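These notes concern the structure reproduced below.
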Amino acid sequence: MQESSATTFPRLLLEHARQRPAHPAYREKDLGIWQTYSWARAAQEVRALACGLAALGFTRGMNLAVVGDNRPRLYWAMTAAQALGGVPVPLYQDAIANEMVYVLNDAEIDFAIVEDQEQVDKLLEVEEQLAASGRSVRHVIYETRAAA
């Protein structure tokens with residue numbers, strides 16, 4: 001087996017997207033139906049997220065809070081943060097808002113990618129507590145689900 005120079009998750013993703021673009025990379029059940037995402041699609045999603053984060057001002061050394069269930073999009077967000085030289089900081093989606101304050105402060109979180117409106121509401125709930133310690137989550141990104 002040939003040794004690879006792909007030593008980070010973003011590099012490994014790009015290598016898989018190059019070698020096996022149409023092969024399954026991620027699977028998740030959505031509304032009872034299995035969805036499969038290829039390596040090429042995963043790489044495209046990570047690139048789009050990284051570009052969006054960079055456009056908002058996310059830079060090397062920053063930390064990105066990631067809150068939600070284990071879903072491909074949240075793993076893509078973690079990889080996007082790493083691709084930009086940042087650090088993903090996962091938080092439990094079932095944590096109450098007050099339990100998140102210490103991590104948000106300690107990790108100096110300015111950006112968060114969350115799964116849904118419930119997680120956005122938790123971050124809004126602790127805004128005053130964060131402000132009291134001189135912090136704020138400046139950007140909260142989440143995906144809305146269109147009504148069927």
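Starting from 1 in every chain, residues are counted up; chains themselves are A, B, ... following the order of the structure tokens, and ligands are numbered from 1 as listed.
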Please return as an MDAnalysis selection string: the residues of chain A that backbone DSSP assigns to strand (DSSP E or B).
chainID A and resid 24:30 33:38 63:67 87:91 111:114 139:142
Store the residues picked out above, limited to C-alpha atoms, as a PDB file, in the first residue's frame.
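Output below, filename result_5.pdb:
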ATOM      1  CA  PRO A  24     -20.813   6.311  -0.950  1.00  0.00           C
ATOM      2  CA  ALA A  25     -19.215   8.437   1.751  1.00  0.00           C
ATOM      3  CA  TYR A  26     -22.128   9.171   4.099  1.00  0.00           C
ATOM      4  CA  ARG A  27     -25.562   7.697   4.643  1.00  0.00           C
ATOM      5  CA  GLU A  28     -28.411   8.944   6.787  1.00  0.00           C
ATOM      6  CA  LYS A  29     -32.062   8.197   7.147  1.00  0.00           C
ATOM      7  CA  ASP A  30     -34.215  11.229   6.394  1.00  0.00           C
ATOM      8  CA  ILE A  33     -35.683   7.066   3.501  1.00  0.00           C
ATOM      9  CA  TRP A  34     -31.966   6.353   3.316  1.00  0.00           C
ATOM     10  CA  GLN A  35     -29.992   9.136   1.655  1.00  0.00           C
ATOM     11  CA  THR A  36     -26.518   8.439   0.278  1.00  0.00           C
ATOM     12  CA  TYR A  37     -23.917  11.129  -0.307  1.00  0.00           C
ATOM     13  CA  SER A  38     -20.901  10.444  -2.509  1.00  0.00           C
ATOM     14  CA  ASN A  63     -13.194  27.812  16.960  1.00  0.00           C
ATOM     15  CA  LEU A  64     -16.533  26.745  15.476  1.00  0.00           C
ATOM     16  CA  ALA A  65     -19.323  25.471  17.732  1.00  0.00           C
ATOM     17  CA  VAL A  66     -21.233  22.598  16.103  1.00  0.00           C
ATOM     18  CA  VAL A  67     -24.521  21.627  17.737  1.00  0.00           C
ATOM     19  CA  VAL A  87     -11.101  23.917  15.387  1.00  0.00           C
ATOM     20  CA  PRO A  88     -14.587  22.373  15.536  1.00  0.00           C
ATOM     21  CA  VAL A  89     -16.075  22.355  19.026  1.00  0.00           C
ATOM     22  CA  PRO A  90     -19.022  19.949  19.185  1.00  0.00           C
ATOM     23  CA  LEU A  91     -21.644  20.532  21.865  1.00  0.00           C
ATOM     24  CA  PHE A 111     -19.284  31.181  14.980  1.00  0.00           C
ATOM     25  CA  ALA A 112     -21.774  28.357  15.413  1.00  0.00           C
ATOM     26  CA  ILE A 113     -23.340  25.924  12.983  1.00  0.00           C
ATOM     27  CA  VAL A 114     -26.423  24.325  14.473  1.00  0.00           C
ATOM     28  CA  HIS A 139     -22.673  34.239  13.509  1.00  0.00           C
ATOM     29  CA  VAL A 140     -25.162  31.392  13.905  1.00  0.00           C
ATOM     30  CA  ILE A 141     -25.732  29.293  10.811  1.00  0.00           C
ATOM     31  CA  TYR A 142     -28.477  26.712  10.498  1.00  0.00           C
TER      32      TYR A 142
END
Could I get the residues of region 23-54 of chain A with an atom no further than 7 Å from an atom of region 76-81 of chain A, each paired with its nearest atom pair and that distance in Å to one decimal, using only C-alpha atoms, sorted by chain and residue number, as a tab-separated table?
residue	atom	partner	partner_atom	distance
A:Glu45	CA	A:Trp76	CA	6.8
A:Val46	CA	A:Ala80	CA	5.2
A:Arg47	CA	A:Ala80	CA	6.8
A:Leu49	CA	A:Ala80	CA	6.0
A:Ala50	CA	A:Ala80	CA	4.6
Let's have the selection written as a JSON list (two decimals), in the first residue's frame, with N, CA and C atoms.
[["chain", "number", "residue", "atom", "x", "y", "z"],
["A", 45, "GLU", "N", -19.85, 19.95, -0.59],
["A", 45, "GLU", "CA", -20.54, 20.54, 0.56],
["A", 45, "GLU", "C", -19.54, 21.18, 1.53],
["A", 46, "VAL", "N", -18.43, 20.50, 1.78],
["A", 46, "VAL", "CA", -17.41, 21.04, 2.68],
["A", 46, "VAL", "C", -16.82, 22.31, 2.09],
["A", 47, "ARG", "N", -16.56, 22.30, 0.80],
["A", 47, "ARG", "CA", -16.02, 23.50, 0.14],
["A", 47, "ARG", "C", -17.00, 24.67, 0.26],
["A", 49, "LEU", "N", -19.35, 25.15, 2.52],
["A", 49, "LEU", "CA", -19.39, 25.60, 3.91],
["A", 49, "LEU", "C", -18.13, 26.39, 4.26],
["A", 50, "ALA", "N", -16.97, 25.91, 3.84],
["A", 50, "ALA", "CA", -15.73, 26.61, 4.12],
["A", 50, "ALA", "C", -15.72, 28.00, 3.47]]
Kindly indicate which residue among A:Ile96, A:Val103, A:Leu12, A:Leu84 lies nearest to Glu125 (chain A), using only C-alpha atoms for the distances.
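Answer, going by the shortest atom-to-atom distance: A:Ile96.
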CA of Gln93 (chain A) to CA of Asn70 (chain A), straight-line distance in Å:
9.4 Å
Separation of CA of Ala42 (chain A) from CA of Leu13 (chain A) in Å:
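Value for the CA of Leu13 (chain A)-CA of Ala42 (chain A) distance: 7.8 Å.
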Between CA of Ala97 (chain A) and CA of Arg138 (chain A), measure the distance and give it in Å to one decimal.
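Computing it gives 16.6 Å between the two atoms.
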Hey, what does DSSP flag as helix (DSSP H, G or I) within chain A? Can you give it to me as a PyMOL selection string?
chain A and resi 9-19+39-56+72-83+97-106+117-125+127-132
Each residue of region 41-113 of chain A lying at most 8 Å from region 130-135 of chain A should get a row with its shortest atom-to-atom pair and the distance in Å to one decimal, counting only C-alpha atoms; could you produce that, ordered by chain and increasing number, as a Markdown table?
| residue | atom | partner | partner_atom | distance |
| --- | --- | --- | --- | --- |
| A:Val101 | CA | A:Leu130 | CA | 6.8 |
| A:Leu104 | CA | A:Leu130 | CA | 7.9 |
| A:Asn105 | CA | A:Arg135 | CA | 6.5 |
| A:Glu108 | CA | A:Arg135 | CA | 7.2 |
| A:Ile109 | CA | A:Arg135 | CA | 8.0 |
| A:Asp110 | CA | A:Arg135 | CA | 8.0 |
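Nearest residue to Ala54 (chain A) among A:Arg41, A:Leu31, A:Gly85, A:Asp69 is A:Gly85, counting only C-alpha atoms.
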